[in-house]
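Have a look at my_file_22.cif below; it lists mmCIF, C-alpha atoms.
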```cif
data_model
#
loop_
_atom_site.label_atom_id
_atom_site.label_comp_id
_atom_site.auth_asym_id
_atom_site.auth_seq_id
_atom_site.Cartn_x
_atom_site.Cartn_y
_atom_site.Cartn_z
CA MET V 785 17.16 27.84 -54.20
CA ARG V 786 19.56 27.75 -57.10
CA ARG V 787 21.74 25.09 -58.69
CA LYS V 788 24.20 24.73 -61.53
CA ALA V 789 23.08 22.26 -64.19
CA TYR V 790 26.22 20.91 -65.87
CA ALA V 791 26.51 19.81 -69.48
CA LYS V 792 28.06 16.49 -70.50
CA ILE V 793 29.95 15.15 -73.48
CA SER V 794 29.84 11.57 -74.70
CA LEU V 795 33.32 10.12 -75.09
CA TYR V 796 31.86 6.92 -76.51
CA LEU V 797 28.31 6.34 -77.70
CA GLN V 798 27.35 2.85 -78.80
CA VAL V 799 23.87 1.91 -80.01
CA THR V 800 23.40 -1.76 -79.14
CA GLY V 801 19.86 -2.39 -80.36
CA ARG V 802 16.19 -1.55 -79.97
CA GLU V 803 13.88 -2.86 -77.26
CA ASP V 804 10.15 -2.12 -77.03
CA GLY V 805 10.67 0.47 -79.72
CA LYS V 806 13.39 2.32 -77.76
CA LEU V 807 17.07 2.48 -78.69
CA GLN V 808 19.45 0.82 -76.25
CA PHE V 809 22.80 2.49 -75.53
CA LYS V 810 26.16 2.05 -73.91
CA ASN V 811 27.66 5.46 -73.19
CA ILE V 812 30.75 6.83 -71.55
CA LEU V 813 29.78 10.30 -70.37
CA TYR V 814 31.87 13.08 -68.84
CA PRO V 815 30.65 16.32 -67.21
CA ILE V 816 32.21 19.57 -68.38
CA ASP V 817 32.44 23.11 -66.97
CA LEU V 818 29.51 24.47 -69.00
CA PHE V 819 26.27 24.93 -67.10
CA ASP V 820 22.80 26.43 -66.97
CA MET V 821 21.66 28.18 -63.78
CA VAL V 822 18.35 26.93 -62.42
CA TYR V 823 16.43 28.94 -59.79
CA LEU V 824 13.48 27.42 -57.93
CA GLU V 825 11.06 28.93 -55.42
CA LYS V 826 7.55 28.25 -54.16
CA SER V 827 4.77 30.06 -56.00
CA ASP V 828 0.98 30.34 -56.26
CA SER V 829 1.14 28.76 -59.72
CA LEU V 830 3.52 26.64 -61.76
CA ILE V 831 5.70 29.00 -63.79
CA ILE V 832 8.71 28.11 -65.92
CA GLU V 833 10.72 30.98 -67.37
CA SER V 834 13.89 31.08 -69.45
CA ASN V 835 16.17 33.59 -71.07
CA LYS V 836 15.59 31.67 -74.34
CA HIS V 837 12.17 32.50 -75.76
CA PHE V 838 11.97 29.40 -77.95
CA LEU V 839 11.99 26.93 -75.04
CA PRO V 840 8.57 25.46 -74.13
CA ASN V 841 7.18 26.11 -70.65
CA ASP V 842 4.65 23.28 -70.57
CA LYS V 843 4.79 19.45 -70.40
CA ARG V 844 7.30 19.42 -73.26
CA ASN V 845 9.81 20.99 -70.89
CA THR V 846 11.97 18.52 -68.93
CA VAL V 847 11.79 20.68 -65.79
CA TYR V 848 7.98 20.72 -65.94
CA ARG V 849 7.94 16.92 -66.19
CA ALA V 850 10.42 16.55 -63.33
CA ILE V 851 8.28 18.71 -61.06
CA MET V 852 5.09 16.82 -61.88
CA ILE V 853 6.73 13.44 -61.25
CA MET V 854 8.16 14.59 -57.91
CA LYS V 855 4.82 16.12 -56.84
CA LYS V 856 2.95 12.91 -57.61
CA ARG V 857 5.45 10.47 -56.07
CA TYR V 858 6.16 12.39 -52.89
CA LYS V 859 2.79 14.09 -52.33
CA ILE V 860 4.20 17.60 -52.75
CA LYS V 861 1.28 20.04 -52.78
CA ASP V 862 3.22 23.25 -53.42
CA LEU V 863 3.64 24.87 -56.82
CA PHE V 864 6.85 26.49 -58.05
CA LYS V 865 8.39 29.20 -60.14
CA VAL V 866 11.47 28.07 -62.03
CA ARG V 867 13.82 30.43 -63.83
CA ILE V 868 16.36 28.82 -66.18
CA VAL V 869 19.31 30.82 -67.43
CA LYS V 870 20.44 28.82 -70.44
CA ASN V 871 24.10 28.65 -71.41
CA ILE V 872 24.03 25.12 -72.84
CA PRO V 873 22.88 25.36 -76.48
CA ALA V 874 19.76 23.47 -77.59
CA GLN V 875 19.96 20.46 -79.93
CA SER V 876 23.67 20.14 -79.18
CA GLY V 877 24.01 16.64 -77.68
CA LEU V 878 25.23 18.20 -74.41
CA GLY V 879 22.25 17.24 -72.25
CA GLY V 880 21.05 20.73 -71.34
CA GLY V 881 17.41 19.81 -70.77
CA SER V 882 18.44 16.69 -68.86
CA ALA V 883 20.77 18.70 -66.64
CA ASP V 884 18.05 21.23 -65.85
CA ALA V 885 15.62 18.46 -64.87
CA ALA V 886 18.27 16.77 -62.70
CA ALA V 887 18.95 20.07 -60.91
CA VAL V 888 15.25 20.47 -60.07
CA ILE V 889 14.98 16.88 -58.82
CA GLN V 890 17.93 17.47 -56.49
CA MET V 891 16.58 20.82 -55.26
CA LEU V 892 13.14 19.37 -54.44
CA ASN V 893 14.86 16.48 -52.66
CA GLU V 894 16.71 19.02 -50.50
CA MET V 895 13.81 21.46 -50.05
CA TYR V 896 11.47 18.77 -48.67
CA HIS V 897 14.16 16.79 -46.82
CA LEU V 898 13.19 13.64 -48.71
CA GLU V 899 16.66 12.11 -48.29
CA LEU V 900 16.16 10.01 -51.41
CA SER V 901 18.68 7.26 -52.14
CA ASP V 902 20.62 7.24 -55.41
CA GLU V 903 18.30 4.50 -56.65
CA GLU V 904 15.21 6.56 -55.84
CA LEU V 905 16.65 9.64 -57.56
CA ILE V 906 17.51 7.57 -60.64
CA SER V 907 14.00 6.11 -60.65
CA VAL V 908 12.60 9.62 -61.05
CA ALA V 909 15.26 10.82 -63.48
CA LYS V 910 14.94 7.94 -65.95
CA GLU V 911 11.31 8.96 -66.52
CA ILE V 912 12.64 12.16 -68.12
CA ASP V 913 15.23 10.73 -70.55
CA GLU V 914 18.37 8.59 -70.69
CA ASP V 915 20.76 11.44 -69.75
CA THR V 916 18.99 12.80 -66.66
CA PRO V 917 20.18 10.05 -64.25
CA PHE V 918 23.80 10.82 -65.15
CA CYS V 919 23.22 14.55 -64.68
CA LEU V 920 22.14 13.94 -61.07
CA PHE V 921 25.72 13.07 -60.10
CA ASN V 922 28.04 14.83 -62.58
CA ARG V 923 30.74 12.18 -62.41
CA PRO V 924 32.43 10.33 -65.31
CA ALA V 925 30.48 7.13 -65.85
CA VAL V 926 29.52 4.24 -68.07
CA VAL V 927 25.77 4.62 -68.64
CA GLU V 928 23.48 1.82 -69.84
CA LYS V 929 19.85 0.65 -69.81
CA GLU V 930 18.14 3.91 -70.80
CA GLY V 931 20.30 5.73 -68.25
CA SER V 932 19.29 3.76 -65.18
CA LYS V 933 22.55 1.76 -64.86
CA LEU V 934 25.58 3.88 -63.97
CA GLU V 935 29.12 2.71 -63.30
CA PHE V 936 31.17 5.65 -62.05
CA ILE V 937 34.79 5.98 -63.16
CA ASP V 938 37.51 7.52 -61.01
CA THR V 939 39.96 9.34 -63.24
CA ASN V 940 42.59 12.05 -62.87
CA LEU V 941 43.10 12.59 -66.57
CA GLU V 942 43.94 16.24 -67.28
CA LEU V 943 43.20 17.65 -70.69
CA TYR V 944 41.78 20.72 -72.39
CA TYR V 945 38.94 20.84 -74.89
CA ILE V 946 37.40 22.99 -77.56
CA LEU V 947 33.66 22.55 -78.07
CA ILE V 948 31.77 23.86 -81.10
CA LYS V 949 28.09 23.76 -81.97
CA PRO V 950 27.71 24.46 -85.68
CA LYS V 951 24.73 26.15 -87.25
CA TYR V 952 21.46 24.20 -87.03
CA GLY V 953 20.66 21.29 -84.74
CA VAL V 954 19.06 17.87 -85.08
CA SER V 955 15.70 16.76 -83.70
CA THR V 956 16.71 13.95 -81.34
CA LYS V 957 13.25 12.36 -81.17
CA ARG V 958 12.82 12.18 -84.93
CA PHE V 959 16.41 11.10 -85.49
CA MET V 960 16.33 8.21 -83.00
CA LYS V 961 13.03 6.92 -84.34
CA ASN V 962 14.64 6.20 -87.70
CA PHE V 963 18.02 4.89 -86.50
CA HIS V 964 18.72 1.16 -87.06
CA LYS V 965 22.52 0.78 -87.26
CA PHE V 966 23.51 -1.28 -84.22
CA ASN V 967 26.99 -1.99 -82.84
CA ASP V 968 28.33 -4.79 -80.63
CA ASP V 969 32.03 -3.82 -80.62
CA GLU V 970 33.01 -4.46 -76.98
CA GLU V 971 36.74 -4.07 -77.57
CA SER V 972 36.60 -0.43 -78.71
CA PHE V 973 34.20 0.50 -75.92
CA THR V 974 36.48 -1.10 -73.32
CA LYS V 975 39.52 0.80 -74.64
CA CYS V 976 37.80 4.13 -74.04
CA LYS V 977 36.82 3.09 -70.52
CA GLU V 978 40.34 1.87 -69.75
CA ALA V 979 41.79 5.16 -70.98
CA LEU V 980 39.95 6.98 -68.20
CA ILE V 981 40.79 4.40 -65.55
CA LYS V 982 44.49 4.42 -66.48
CA ASN V 983 44.61 8.20 -67.13
CA ASP V 984 45.96 7.39 -70.58
CA TYR V 985 45.55 10.45 -72.82
CA ASN V 986 46.84 8.77 -75.99
CA LEU V 987 44.47 5.83 -75.61
CA LEU V 988 41.54 8.18 -74.99
CA VAL V 989 42.05 10.26 -78.12
CA GLU V 990 42.41 7.04 -80.13
CA SER V 991 39.16 5.59 -78.84
CA THR V 992 36.51 8.37 -78.75
CA HIS V 993 33.57 7.31 -80.92
CA ASN V 994 29.93 8.06 -81.66
CA ASP V 995 27.67 5.65 -83.58
CA PHE V 996 25.38 8.54 -84.53
CA GLN V 997 28.01 10.74 -86.14
CA LYS V 998 28.00 9.43 -89.73
CA THR V 999 24.22 9.50 -89.92
CA VAL V 1000 23.93 12.98 -88.36
CA ASN V 1001 26.52 14.28 -90.81
CA LYS V 1002 24.23 13.28 -93.67
CA ILE V 1003 21.55 15.51 -92.14
CA ASN V 1004 23.89 18.34 -91.15
CA ARG V 1005 27.10 18.57 -93.17
CA ASN V 1006 28.46 21.16 -90.77
CA VAL V 1007 29.36 18.38 -88.31
CA ASN V 1008 31.96 16.95 -90.66
CA LYS V 1009 33.26 20.41 -91.56
CA VAL V 1010 33.78 21.29 -87.88
CA SER V 1011 35.46 17.92 -87.21
CA LYS V 1012 37.95 18.43 -90.02
CA HIS V 1013 38.57 22.02 -88.96
CA LEU V 1014 39.43 21.00 -85.37
CA GLN V 1015 41.71 18.22 -86.56
CA LYS V 1016 43.49 20.61 -88.91
CA LEU V 1017 44.10 22.99 -86.00
CA GLY V 1018 45.85 20.24 -84.05
CA LEU V 1019 43.17 18.85 -81.74
CA GLU V 1020 42.85 15.11 -81.11
CA GLY V 1021 40.05 12.70 -80.25
CA VAL V 1022 37.68 14.85 -82.28
CA CYS V 1023 34.14 13.51 -81.96
CA MET V 1024 30.47 14.51 -81.94
CA SER V 1025 28.66 14.52 -78.59
CA GLY V 1026 25.41 12.63 -78.08
CA SER V 1027 22.91 12.91 -80.91
CA GLY V 1028 24.67 16.09 -82.05
CA THR V 1029 25.45 18.50 -83.32
CA SER V 1030 28.24 19.71 -81.00
CA VAL V 1031 31.77 18.54 -81.79
CA TYR V 1032 34.71 18.53 -79.38
CA GLY V 1033 38.46 18.00 -79.62
CA PHE V 1034 41.20 17.54 -77.00
CA THR V 1035 44.75 18.60 -76.29
CA GLN V 1036 47.08 18.61 -73.29
CA HIS V 1037 48.24 22.14 -74.09
CA LYS V 1038 46.31 25.06 -72.62
CA ASP V 1039 47.96 27.62 -74.87
CA LEU V 1040 46.72 25.72 -77.94
CA VAL V 1041 43.04 25.75 -76.90
CA ILE V 1042 43.24 29.45 -76.07
CA LYS V 1043 44.78 30.16 -79.47
CA ILE V 1044 42.15 28.05 -81.27
CA HIS V 1045 39.33 29.67 -79.31
CA GLU V 1046 40.51 33.12 -80.28
CA GLU V 1047 40.60 32.05 -83.91
CA LEU V 1048 37.17 30.40 -83.96
CA ALA V 1049 35.14 32.44 -81.48
CA PHE V 1050 33.30 34.44 -84.14
CA LYS V 1051 33.20 31.79 -86.86
CA TYR V 1052 30.57 29.54 -85.25
CA PRO V 1053 27.36 30.17 -83.27
CA PHE V 1054 28.84 28.59 -80.12
CA VAL V 1055 32.48 28.01 -79.22
CA LYS V 1056 33.82 27.12 -75.76
CA TYR V 1057 37.08 25.95 -74.31
CA GLY V 1058 37.74 24.48 -70.89
CA LYS V 1059 39.62 21.94 -68.81
CA ILE V 1060 38.39 18.47 -67.96
#
```
Would you mind writing the file's structure down as structure tokens?
Amino acid sequence: MRRKAYAKISLYLQVTGREDGKLQFKNILYPIDLFDMVYLEKSDSLIIESNKHFLPNDKRNTVYRAIMIMKKRYKIKDLFKVRIVKNIPAQSGLGGGSADAAAVIQMLNEMYHLELSDEELISVAKEIDEDTPFCLFNRPAVVEKEGSKLEFIDTNLELYYILIKPKYGVSTKRFMKNFHKFNDDEESFTKCKEALIKNDYNLLVESTHNDFQKTVNKINRNVNKVSKHLQKLGLEGVCMSGSGTSVYGFTQHKDLVIKIHEELAFKYPFVKYGKI
């Protein structure tokens, strides 16, 4: 079996507090047309391979954990070989590992005809991390409670984006452990949500936000440099995704993103443009 594992961007990331040592979030997430390819087949042993040599193939890997959880919960005795063709950059805030795990959960659900409900799928996915439940469905959504509460948003907003991952990433685990700047601004969060519901481009680019961005920029100054560069080139709603370090910007003009992509393609380690 094979499945596309789609990346996501965070249009709004709000850190509301800490509970039992874990950060609590309110996110507005949106899938984009960037994906890994995940191949799964039965095997005599559990094997996880990737085209990126630096990725772990043991319990540190989200796919490994997803398989072990599914095997235990649903009494699956088979072992598997998984091949992951990575296109989503690591330490980018785009949810690549989460997307890969979600793809495997869905494939095992189909392979063994488990017919799991959305709630049952989410129950597995939230054991991986806060982004994996969202990646099961690949629909714009408000995401809360460590990823287990999803409110899907129907939107027909058409816009183009440029996405850049600058040099060097940020260790999410280490970063989140030391983060203590909490935010209870409901009004700004609601504006971003309403922008999608009302298909209001101007309101969206006014309201994108990420509570992590200022702190991440202190660790990796490239984030601020990329943000300013995209703004200077005419993109709007420029913001960092997730815990970083990818930065995106929007426009309603396809010719502009193509022009910007041509200009920046060889200036950064990863540059992509697409349509939402």
Picked residues, the PyMOL selection byres ((chain V and resi 1058) around 7), expected as a VMD selection string: chain V and resid 817 944 to 946 1056 to 1057 1059 to 1060
Residues selected by the PyMOL selection byres ((chain V and resi 874-877) around 7), written as an MDAnalysis selection string: chainID V and resid 872:873 878:880 949 953:955 1025:1030
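For the pair atom CA of Pro924 of chain V and atom CA of Ala883 of chain V, the separation is 14.4 Å.
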Long-range neighbours of Leu941 of chain V as a ChimeraX atom specification, 10 Å cut-off, all atoms listed in the file, 6 positions minimum in chain: /V:979-985,988,1036,1060
Among listed residues V:Ile948, V:Glu990, V:Tyr790, V:Gln997, nearest Val1010 of chain V (using all atoms listed in the file): V:Ile948
Shortest interatomic distance to Leu797 of chain V - which of V:Ile868, V:Leu934, V:Val927, V:Val908, counting only C-alpha atoms: V:Val927
